[in-house]
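Undergrad: Here it is, the structure in full.
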Number of protein chains: 2
Amino acid sequence: MAKRAKVHVFLKPGVLDVEGKAVEGALHGLGWKDVANVRVGKTIEFDLTDGADAEAEVKKMCETLLANTVIESYRVEVA
Amino acid sequence: MAKRAKVHVFLKPGVLDVEGKAVEGALHGLGWKDVANVRVGKTIEFDLTDGADAEAEVKKMCETLLANTVIESYRVEVA
């Protein structure tokens with residue numbers, strides 16, 4: 001059965017998020033001074049035509065390719 | 001009241017997702033042949049210290065800065 005997987009990848013807390021800082025600075029510059037703690041992450045969505053044991057497979061993909069587990073954490077949703 | 005906003009930004013359907021294609025090719029090369037329709041998007045999370053009318057404000061941020069609405073669509077969650 002085909003399944004849709006969503007993977008959310010974020011930098012771990014404590015790792016400097018340069019892109020997030022840039023977005024925060026830009027939002028402040030545009031007048032949104034109440035914005036804080038901006039973190040920018042990646043979302044990867046895809047179909048799995050063979051849905052057998054999908055969540056474990058997607059986690060393997062994350063460990064191998066999708067996330068750099070030294071500095072990034074990930075969350076997997078399979079539906 | 002402080003609120004946490006999440007913005008998901010994706011390329012619109014029909015717009016070539018080069019990063020998604022690259023990820024798809026890499027996953028196929030690693031043996032996951034059943035992966036299809038990979039789309040890579042961005043997630044921006046931040047705190048709003050002034051939560052008044054937060055959802056409308058975040059939508060304005062998307063239109064102004066966070067998304068390129070010519071080629072990207074976005075989804076806002078405020079909690």
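In the structure tokens, chains take the letters A, B, ... in the order shown, each chain's residues start at 1, and ligands count up from 1 in the order shown.
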Output as a VMD selection string the set of chain A residues within 6 Å of chain B, with distances taken over only C-alpha atoms.
TA: chain A and resid 34 to 50
Undergrad: Please produce a file of those selected residues containing C-alpha atoms, as a CSV table (one decimal), in the first residue's frame.
TA:
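out-v9.csv was written with the following content:
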chain,number,residue,atom,x,y,z
A,34,ASP,CA,8.2,40.6,18.9
A,35,VAL,CA,9.6,37.7,17.0
A,36,ALA,CA,12.2,35.6,18.8
A,37,ASN,CA,14.0,32.2,18.7
A,38,VAL,CA,13.6,31.7,14.9
A,39,ARG,CA,14.7,28.3,13.8
A,40,VAL,CA,14.7,27.3,10.1
A,41,GLY,CA,14.4,23.6,9.2
A,42,LYS,CA,13.8,21.4,6.2
A,43,THR,CA,10.8,19.3,5.4
A,44,ILE,CA,11.0,16.4,3.0
A,45,GLU,CA,7.8,14.8,1.7
A,46,PHE,CA,7.6,11.7,-0.5
A,47,ASP,CA,5.5,8.7,-1.5
A,48,LEU,CA,6.5,5.2,-0.7
A,49,THR,CA,4.9,2.8,-3.1
A,50,ASP,CA,5.9,-0.1,-0.9
Undergrad: Report the residues of chain B whose backbone DSSP state falls under strand (DSSP E or B), written as a PyMOL selection string.
TA: chain B and resi 3-11+35-48+72-78
Undergrad: Write a file of the just-selected residues containing N, CA, C and O atoms, as a tab-separated table (two decimals), in the first residue's frame.
TA:
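This went into out-v8.tsv:
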chain	number	residue	atom	x	y	z
B	3	LYS	N	3.18	33.18	21.84
B	3	LYS	CA	2.71	32.08	21.00
B	3	LYS	C	3.85	31.54	20.17
B	3	LYS	O	4.82	32.24	19.91
B	4	ARG	N	3.71	30.28	19.74
B	4	ARG	CA	4.70	29.65	18.89
B	4	ARG	C	4.10	29.51	17.49
B	4	ARG	O	3.02	28.94	17.34
B	5	ALA	N	4.80	30.04	16.50
B	5	ALA	CA	4.30	29.97	15.12
B	5	ALA	C	5.16	29.00	14.32
B	5	ALA	O	6.38	28.93	14.50
B	6	LYS	N	4.50	28.24	13.45
B	6	LYS	CA	5.20	27.37	12.51
B	6	LYS	C	4.73	27.72	11.12
B	6	LYS	O	3.52	27.79	10.87
B	7	VAL	N	5.68	27.94	10.23
B	7	VAL	CA	5.34	28.23	8.84
B	7	VAL	C	5.97	27.17	7.95
B	7	VAL	O	7.17	26.90	8.05
B	8	HIS	N	5.15	26.52	7.13
B	8	HIS	CA	5.65	25.53	6.18
B	8	HIS	C	5.62	26.14	4.79
B	8	HIS	O	4.57	26.63	4.36
B	9	VAL	N	6.75	26.14	4.11
B	9	VAL	CA	6.83	26.74	2.78
B	9	VAL	C	7.23	25.65	1.78
B	9	VAL	O	8.25	24.98	1.96
B	10	PHE	N	6.41	25.48	0.76
B	10	PHE	CA	6.69	24.48	-0.27
B	10	PHE	C	6.59	25.11	-1.65
B	10	PHE	O	5.83	26.07	-1.84
B	11	LEU	N	7.36	24.58	-2.60
B	11	LEU	CA	7.18	24.99	-3.98
B	11	LEU	C	5.79	24.57	-4.45
B	11	LEU	O	5.31	23.50	-4.08
B	35	VAL	N	10.66	5.06	-3.61
B	35	VAL	CA	10.42	6.45	-3.24
B	35	VAL	C	10.05	7.27	-4.47
B	35	VAL	O	10.70	7.13	-5.51
B	36	ALA	N	9.00	8.07	-4.38
B	36	ALA	CA	8.57	8.87	-5.53
B	36	ALA	C	8.04	10.22	-5.06
B	36	ALA	O	7.69	10.39	-3.89
B	37	ASN	N	7.97	11.16	-5.99
B	37	ASN	CA	7.38	12.48	-5.74
B	37	ASN	C	7.99	13.20	-4.53
B	37	ASN	O	7.26	13.70	-3.67
B	38	VAL	N	9.30	13.24	-4.47
B	38	VAL	CA	9.96	13.91	-3.34
B	38	VAL	C	9.84	15.43	-3.51
B	38	VAL	O	10.12	15.97	-4.58
B	39	ARG	N	9.40	16.09	-2.46
B	39	ARG	CA	9.35	17.56	-2.43
B	39	ARG	C	10.08	18.01	-1.18
B	39	ARG	O	9.87	17.47	-0.09
B	40	VAL	N	10.94	19.00	-1.35
B	40	VAL	CA	11.67	19.53	-0.20
B	40	VAL	C	11.15	20.94	0.09
B	40	VAL	O	11.05	21.76	-0.82
B	41	GLY	N	10.81	21.17	1.34
B	41	GLY	CA	10.30	22.48	1.73
B	41	GLY	C	11.05	23.01	2.92
B	41	GLY	O	11.99	22.40	3.42
B	42	LYS	N	10.63	24.19	3.35
B	42	LYS	CA	11.27	24.85	4.48
B	42	LYS	C	10.26	24.98	5.61
B	42	LYS	O	9.07	25.16	5.37
B	43	THR	N	10.73	24.88	6.82
B	43	THR	CA	9.87	25.13	7.98
B	43	THR	C	10.52	26.22	8.82
B	43	THR	O	11.70	26.13	9.13
B	44	ILE	N	9.78	27.24	9.13
B	44	ILE	CA	10.29	28.33	9.96
B	44	ILE	C	9.47	28.37	11.24
B	44	ILE	O	8.24	28.49	11.18
B	45	GLU	N	10.14	28.22	12.37
B	45	GLU	CA	9.45	28.24	13.67
B	45	GLU	C	9.94	29.43	14.47
B	45	GLU	O	11.14	29.71	14.47
B	46	PHE	N	9.04	30.10	15.16
B	46	PHE	CA	9.48	31.21	16.01
B	46	PHE	C	8.46	31.52	17.09
B	46	PHE	O	7.30	31.12	17.01
B	47	ASP	N	8.93	32.23	18.11
B	47	ASP	CA	8.06	32.70	19.17
B	47	ASP	C	7.57	34.10	18.85
B	47	ASP	O	8.32	34.92	18.30
B	48	LEU	N	6.33	34.35	19.20
B	48	LEU	CA	5.77	35.70	19.10
B	48	LEU	C	5.44	36.14	20.51
B	48	LEU	O	4.54	35.57	21.13
B	72	GLU	N	5.95	29.72	-4.52
B	72	GLU	CA	5.82	28.93	-3.29
B	72	GLU	C	4.47	29.15	-2.62
B	72	GLU	O	3.90	30.24	-2.67
B	73	SER	N	3.97	28.09	-2.00
B	73	SER	CA	2.78	28.22	-1.16
B	73	SER	C	3.20	28.02	0.29
B	73	SER	O	4.25	27.45	0.55
B	74	TYR	N	2.37	28.49	1.21
B	74	TYR	CA	2.74	28.35	2.62
B	74	TYR	C	1.53	27.97	3.45
B	74	TYR	O	0.38	28.15	3.04
B	75	ARG	N	1.83	27.40	4.62
B	75	ARG	CA	0.79	27.03	5.56
B	75	ARG	C	1.24	27.52	6.93
B	75	ARG	O	2.40	27.36	7.29
B	76	VAL	N	0.33	28.13	7.66
B	76	VAL	CA	0.67	28.74	8.95
B	76	VAL	C	-0.01	27.97	10.08
B	76	VAL	O	-1.19	27.63	9.96
B	77	GLU	N	0.74	27.67	11.13
B	77	GLU	CA	0.16	27.09	12.35
B	77	GLU	C	0.58	27.98	13.50
B	77	GLU	O	1.76	28.26	13.67
B	78	VAL	N	-0.37	28.41	14.31
B	78	VAL	CA	-0.05	29.19	15.50
B	78	VAL	C	-0.62	28.47	16.71
B	78	VAL	O	-1.80	28.10	16.71
Undergrad: Please report, as a list in words, each residue of chain A to which DSSP assigns alpha helix (DSSP H) when run on this structure's backbone.
TA: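 Secondary structure check on chain A, alpha helix (DSSP H): Val18, Glu19, Gly20, Lys21, Ala22, Val23, Glu24, Gly25, Ala26, Leu27, His28, Gly29, Ala54, Glu55, Ala56, Glu57, Val58, Lys59, Lys60 and Met61 of chain A.
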Undergrad: Please superimpose chain A on chain B using every C-alpha atom, paired by order, in a least-squares fit, and write the moved chain as a tab-separated table (two decimals) with N, CA, C and O atoms, in the first residue's frame.
TA:
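Saved to out_33.tsv:
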chain	number	residue	atom	x	y	z
A	1	MET	N	0.10	37.43	25.30
A	1	MET	CA	0.50	36.04	25.57
A	1	MET	C	1.44	35.54	24.46
A	1	MET	O	1.18	35.77	23.29
A	2	ALA	N	2.51	34.90	24.86
A	2	ALA	CA	3.47	34.41	23.88
A	2	ALA	C	2.89	33.22	23.11
A	2	ALA	O	2.19	32.39	23.68
A	3	LYS	N	3.18	33.18	21.83
A	3	LYS	CA	2.70	32.08	21.00
A	3	LYS	C	3.85	31.54	20.16
A	3	LYS	O	4.82	32.24	19.91
A	4	ARG	N	3.70	30.29	19.75
A	4	ARG	CA	4.70	29.65	18.89
A	4	ARG	C	4.10	29.51	17.49
A	4	ARG	O	3.01	28.94	17.34
A	5	ALA	N	4.79	30.04	16.51
A	5	ALA	CA	4.30	29.96	15.13
A	5	ALA	C	5.16	29.00	14.33
A	5	ALA	O	6.37	28.92	14.51
A	6	LYS	N	4.49	28.25	13.45
A	6	LYS	CA	5.19	27.37	12.51
A	6	LYS	C	4.73	27.71	11.12
A	6	LYS	O	3.52	27.78	10.87
A	7	VAL	N	5.67	27.92	10.22
A	7	VAL	CA	5.33	28.23	8.83
A	7	VAL	C	5.97	27.15	7.94
A	7	VAL	O	7.17	26.89	8.05
A	8	HIS	N	5.15	26.51	7.13
A	8	HIS	CA	5.66	25.52	6.18
A	8	HIS	C	5.62	26.13	4.79
A	8	HIS	O	4.57	26.61	4.36
A	9	VAL	N	6.75	26.14	4.11
A	9	VAL	CA	6.83	26.73	2.77
A	9	VAL	C	7.23	25.64	1.78
A	9	VAL	O	8.25	24.97	1.97
A	10	PHE	N	6.40	25.49	0.74
A	10	PHE	CA	6.69	24.49	-0.29
A	10	PHE	C	6.59	25.12	-1.67
A	10	PHE	O	5.83	26.06	-1.87
A	11	LEU	N	7.36	24.58	-2.59
A	11	LEU	CA	7.18	24.99	-3.98
A	11	LEU	C	5.80	24.56	-4.45
A	11	LEU	O	5.32	23.48	-4.08
A	12	LYS	N	5.15	25.40	-5.25
A	12	LYS	CA	3.83	25.05	-5.76
A	12	LYS	C	3.91	23.83	-6.67
A	12	LYS	O	4.95	23.61	-7.31
A	13	PRO	N	2.84	23.04	-6.73
A	13	PRO	CA	2.83	21.90	-7.65
A	13	PRO	C	3.06	22.42	-9.07
A	13	PRO	O	2.53	23.45	-9.44
A	14	GLY	N	3.85	21.74	-9.83
A	14	GLY	CA	4.14	22.18	-11.19
A	14	GLY	C	5.47	22.91	-11.29
A	14	GLY	O	6.06	22.96	-12.37
A	15	VAL	N	5.94	23.47	-10.18
A	15	VAL	CA	7.26	24.10	-10.19
A	15	VAL	C	8.30	23.01	-9.94
A	15	VAL	O	8.17	22.23	-8.99
A	16	LEU	N	9.30	22.94	-10.80
A	16	LEU	CA	10.32	21.89	-10.67
A	16	LEU	C	11.07	22.03	-9.36
A	16	LEU	O	11.63	23.08	-9.07
A	17	ASP	N	11.07	20.98	-8.56
A	17	ASP	CA	11.76	20.97	-7.28
A	17	ASP	C	13.11	20.26	-7.47
A	17	ASP	O	13.21	19.05	-7.36
A	18	VAL	N	14.12	21.05	-7.76
A	18	VAL	CA	15.43	20.49	-8.08
A	18	VAL	C	16.01	19.73	-6.90
A	18	VAL	O	16.56	18.64	-7.05
A	19	GLU	N	15.88	20.31	-5.70
A	19	GLU	CA	16.42	19.66	-4.50
A	19	GLU	C	15.69	18.33	-4.26
A	19	GLU	O	16.32	17.32	-3.92
A	20	GLY	N	14.38	18.34	-4.48
A	20	GLY	CA	13.62	17.11	-4.32
A	20	GLY	C	14.07	16.03	-5.29
A	20	GLY	O	14.21	14.86	-4.93
A	21	LYS	N	14.31	16.44	-6.54
A	21	LYS	CA	14.79	15.48	-7.55
A	21	LYS	C	16.15	14.90	-7.13
A	21	LYS	O	16.42	13.71	-7.33
A	22	ALA	N	17.01	15.76	-6.58
A	22	ALA	CA	18.34	15.31	-6.16
A	22	ALA	C	18.23	14.29	-5.02
A	22	ALA	O	18.90	13.24	-5.03
A	23	VAL	N	17.35	14.59	-4.06
A	23	VAL	CA	17.14	13.66	-2.94
A	23	VAL	C	16.57	12.34	-3.46
A	23	VAL	O	17.01	11.25	-3.06
A	24	GLU	N	15.61	12.43	-4.39
A	24	GLU	CA	15.00	11.22	-4.96
A	24	GLU	C	16.06	10.36	-5.65
A	24	GLU	O	16.13	9.14	-5.44
A	25	GLY	N	16.91	11.01	-6.44
A	25	GLY	CA	17.98	10.28	-7.12
A	25	GLY	C	18.92	9.61	-6.14
A	25	GLY	O	19.31	8.45	-6.32
A	26	ALA	N	19.24	10.33	-5.06
A	26	ALA	CA	20.17	9.77	-4.07
A	26	ALA	C	19.54	8.58	-3.34
A	26	ALA	O	20.20	7.56	-3.11
A	27	LEU	N	18.24	8.70	-3.01
A	27	LEU	CA	17.55	7.59	-2.32
A	27	LEU	C	17.46	6.37	-3.24
A	27	LEU	O	17.67	5.24	-2.80
A	28	HIS	N	17.16	6.61	-4.52
A	28	HIS	CA	17.14	5.49	-5.48
A	28	HIS	C	18.52	4.83	-5.54
A	28	HIS	O	18.64	3.62	-5.53
A	29	GLY	N	19.54	5.66	-5.59
A	29	GLY	CA	20.91	5.14	-5.66
A	29	GLY	C	21.29	4.31	-4.45
A	29	GLY	O	22.11	3.40	-4.54
A	30	LEU	N	20.68	4.62	-3.30
A	30	LEU	CA	20.97	3.88	-2.07
A	30	LEU	C	20.09	2.64	-1.93
A	30	LEU	O	20.15	1.95	-0.92
A	31	GLY	N	19.24	2.39	-2.93
A	31	GLY	CA	18.46	1.16	-2.92
A	31	GLY	C	16.99	1.35	-2.60
A	31	GLY	O	16.22	0.40	-2.67
A	32	TRP	N	16.57	2.56	-2.23
A	32	TRP	CA	15.15	2.79	-1.94
A	32	TRP	C	14.43	3.17	-3.23
A	32	TRP	O	14.14	4.35	-3.48
A	33	LYS	N	14.14	2.15	-4.05
A	33	LYS	CA	13.57	2.40	-5.38
A	33	LYS	C	12.10	2.77	-5.32
A	33	LYS	O	11.53	3.22	-6.31
A	34	ASP	N	11.46	2.53	-4.17
A	34	ASP	CA	10.01	2.75	-4.08
A	34	ASP	C	9.66	4.18	-3.66
A	34	ASP	O	8.50	4.47	-3.39
A	35	VAL	N	10.66	5.06	-3.61
A	35	VAL	CA	10.42	6.45	-3.23
A	35	VAL	C	10.05	7.26	-4.48
A	35	VAL	O	10.70	7.13	-5.52
A	36	ALA	N	8.99	8.08	-4.38
A	36	ALA	CA	8.57	8.88	-5.53
A	36	ALA	C	8.03	10.23	-5.07
A	36	ALA	O	7.67	10.40	-3.90
A	37	ASN	N	7.97	11.16	-6.00
A	37	ASN	CA	7.38	12.48	-5.75
A	37	ASN	C	7.98	13.19	-4.55
A	37	ASN	O	7.27	13.69	-3.68
A	38	VAL	N	9.30	13.24	-4.47
A	38	VAL	CA	9.95	13.91	-3.35
A	38	VAL	C	9.84	15.41	-3.51
A	38	VAL	O	10.12	15.96	-4.59
A	39	ARG	N	9.39	16.10	-2.46
A	39	ARG	CA	9.33	17.56	-2.44
A	39	ARG	C	10.07	18.02	-1.19
A	39	ARG	O	9.86	17.47	-0.10
A	40	VAL	N	10.93	19.00	-1.35
A	40	VAL	CA	11.67	19.53	-0.21
A	40	VAL	C	11.16	20.93	0.09
A	40	VAL	O	11.07	21.76	-0.82
A	41	GLY	N	10.80	21.17	1.32
A	41	GLY	CA	10.30	22.48	1.72
A	41	GLY	C	11.06	23.02	2.92
A	41	GLY	O	12.00	22.39	3.39
A	42	LYS	N	10.63	24.18	3.35
A	42	LYS	CA	11.27	24.85	4.47
A	42	LYS	C	10.26	24.97	5.59
A	42	LYS	O	9.08	25.15	5.35
A	43	THR	N	10.74	24.87	6.82
A	43	THR	CA	9.88	25.13	7.97
A	43	THR	C	10.52	26.21	8.81
A	43	THR	O	11.71	26.12	9.12
A	44	ILE	N	9.77	27.23	9.14
A	44	ILE	CA	10.29	28.32	9.96
A	44	ILE	C	9.47	28.36	11.24
A	44	ILE	O	8.24	28.49	11.18
A	45	GLU	N	10.14	28.21	12.37
A	45	GLU	CA	9.46	28.24	13.66
A	45	GLU	C	9.94	29.43	14.46
A	45	GLU	O	11.14	29.71	14.48
A	46	PHE	N	9.05	30.10	15.16
A	46	PHE	CA	9.49	31.20	16.03
A	46	PHE	C	8.46	31.51	17.10
A	46	PHE	O	7.30	31.10	17.01
A	47	ASP	N	8.93	32.23	18.13
A	47	ASP	CA	8.06	32.71	19.20
A	47	ASP	C	7.58	34.10	18.86
A	47	ASP	O	8.33	34.91	18.30
A	48	LEU	N	6.34	34.36	19.22
A	48	LEU	CA	5.78	35.70	19.11
A	48	LEU	C	5.45	36.15	20.52
A	48	LEU	O	4.57	35.59	21.16
A	49	THR	N	6.18	37.13	21.04
A	49	THR	CA	5.93	37.54	22.43
A	49	THR	C	4.60	38.26	22.56
A	49	THR	O	3.93	38.16	23.57
A	50	ASP	N	4.23	38.99	21.52
A	50	ASP	CA	2.91	39.62	21.50
A	50	ASP	C	1.99	38.80	20.61
A	50	ASP	O	2.09	38.85	19.39
A	51	GLY	N	1.12	38.02	21.22
A	51	GLY	CA	0.33	37.06	20.46
A	51	GLY	C	-0.95	37.62	19.86
A	51	GLY	O	-1.74	36.88	19.31
A	52	ALA	N	-1.17	38.94	19.96
A	52	ALA	CA	-2.42	39.51	19.47
A	52	ALA	C	-2.52	39.37	17.96
A	52	ALA	O	-1.61	39.77	17.23
A	53	ASP	N	-3.62	38.77	17.51
A	53	ASP	CA	-3.88	38.60	16.08
A	53	ASP	C	-2.70	37.90	15.39
A	53	ASP	O	-2.31	38.26	14.28
A	54	ALA	N	-2.16	36.90	16.06
A	54	ALA	CA	-0.91	36.29	15.63
A	54	ALA	C	-1.01	35.69	14.22
A	54	ALA	O	-0.11	35.90	13.40
A	55	GLU	N	-2.09	34.97	13.94
A	55	GLU	CA	-2.15	34.27	12.66
A	55	GLU	C	-2.12	35.25	11.49
A	55	GLU	O	-1.41	35.04	10.51
A	56	ALA	N	-2.86	36.36	11.61
A	56	ALA	CA	-2.86	37.36	10.54
A	56	ALA	C	-1.48	37.99	10.38
A	56	ALA	O	-1.01	38.21	9.25
A	57	GLU	N	-0.80	38.23	11.50
A	57	GLU	CA	0.54	38.82	11.44
A	57	GLU	C	1.52	37.87	10.74
A	57	GLU	O	2.33	38.28	9.91
A	58	VAL	N	1.43	36.59	11.10
A	58	VAL	CA	2.34	35.60	10.51
A	58	VAL	C	2.09	35.49	9.01
A	58	VAL	O	3.03	35.38	8.21
A	59	LYS	N	0.82	35.55	8.61
A	59	LYS	CA	0.52	35.51	7.17
A	59	LYS	C	1.13	36.71	6.45
A	59	LYS	O	1.65	36.58	5.35
A	60	LYS	N	1.08	37.89	7.12
A	60	LYS	CA	1.71	39.07	6.53
A	60	LYS	C	3.22	38.85	6.38
A	60	LYS	O	3.82	39.23	5.37
A	61	MET	N	3.83	38.23	7.40
A	61	MET	CA	5.28	37.94	7.32
A	61	MET	C	5.59	37.04	6.12
A	61	MET	O	6.58	37.22	5.42
A	62	CYS	N	4.71	36.04	5.90
A	62	CYS	CA	4.91	35.12	4.78
A	62	CYS	C	4.86	35.88	3.46
A	62	CYS	O	5.73	35.69	2.60
A	63	GLU	N	3.84	36.72	3.31
A	63	GLU	CA	3.67	37.45	2.05
A	63	GLU	C	4.84	38.40	1.81
A	63	GLU	O	5.23	38.64	0.66
A	64	THR	N	5.39	38.96	2.90
A	64	THR	CA	6.43	39.97	2.77
A	64	THR	C	7.81	39.36	2.62
A	64	THR	O	8.64	39.85	1.86
A	65	LEU	N	8.08	38.29	3.39
A	65	LEU	CA	9.47	37.83	3.50
A	65	LEU	C	9.64	36.32	3.39
A	65	LEU	O	10.54	35.85	2.69
A	66	LEU	N	8.80	35.57	4.09
A	66	LEU	CA	9.13	34.16	4.31
A	66	LEU	C	8.90	33.28	3.08
A	66	LEU	O	9.58	32.28	2.90
A	67	ALA	N	7.93	33.64	2.26
A	67	ALA	CA	7.64	32.82	1.07
A	67	ALA	C	7.69	33.68	-0.18
A	67	ALA	O	7.34	34.86	-0.14
A	68	ASN	N	8.15	33.10	-1.24
A	68	ASN	CA	8.07	33.74	-2.55
A	68	ASN	C	6.78	33.25	-3.19
A	68	ASN	O	6.73	32.17	-3.77
A	69	THR	N	5.72	34.05	-3.06
A	69	THR	CA	4.39	33.55	-3.41
A	69	THR	C	4.19	33.34	-4.91
A	69	THR	O	3.16	32.81	-5.32
A	70	VAL	N	5.15	33.77	-5.72
A	70	VAL	CA	5.06	33.47	-7.15
A	70	VAL	C	5.22	31.97	-7.39
A	70	VAL	O	4.48	31.37	-8.18
A	71	ILE	N	6.16	31.37	-6.67
A	71	ILE	CA	6.42	29.95	-6.90
A	71	ILE	C	6.19	29.08	-5.67
A	71	ILE	O	6.23	27.86	-5.75
A	72	GLU	N	5.96	29.71	-4.51
A	72	GLU	CA	5.83	28.93	-3.28
A	72	GLU	C	4.47	29.13	-2.62
A	72	GLU	O	3.90	30.22	-2.67
A	73	SER	N	3.97	28.09	-2.00
A	73	SER	CA	2.78	28.22	-1.17
A	73	SER	C	3.20	28.01	0.28
A	73	SER	O	4.24	27.44	0.56
A	74	TYR	N	2.37	28.48	1.20
A	74	TYR	CA	2.73	28.33	2.61
A	74	TYR	C	1.52	27.95	3.44
A	74	TYR	O	0.38	28.13	3.03
A	75	ARG	N	1.83	27.39	4.61
A	75	ARG	CA	0.79	27.02	5.55
A	75	ARG	C	1.23	27.51	6.92
A	75	ARG	O	2.40	27.36	7.29
A	76	VAL	N	0.32	28.12	7.66
A	76	VAL	CA	0.67	28.73	8.95
A	76	VAL	C	-0.02	27.96	10.07
A	76	VAL	O	-1.19	27.62	9.96
A	77	GLU	N	0.74	27.64	11.12
A	77	GLU	CA	0.17	27.08	12.35
A	77	GLU	C	0.58	27.98	13.51
A	77	GLU	O	1.77	28.26	13.66
A	78	VAL	N	-0.38	28.41	14.31
A	78	VAL	CA	-0.05	29.19	15.50
A	78	VAL	C	-0.62	28.47	16.71
A	78	VAL	O	-1.79	28.10	16.71
A	79	ALA	N	0.22	28.24	17.71
A	79	ALA	CA	-0.25	27.52	18.91
A	79	ALA	C	0.26	28.20	20.17
A	79	ALA	O	1.30	28.83	20.15
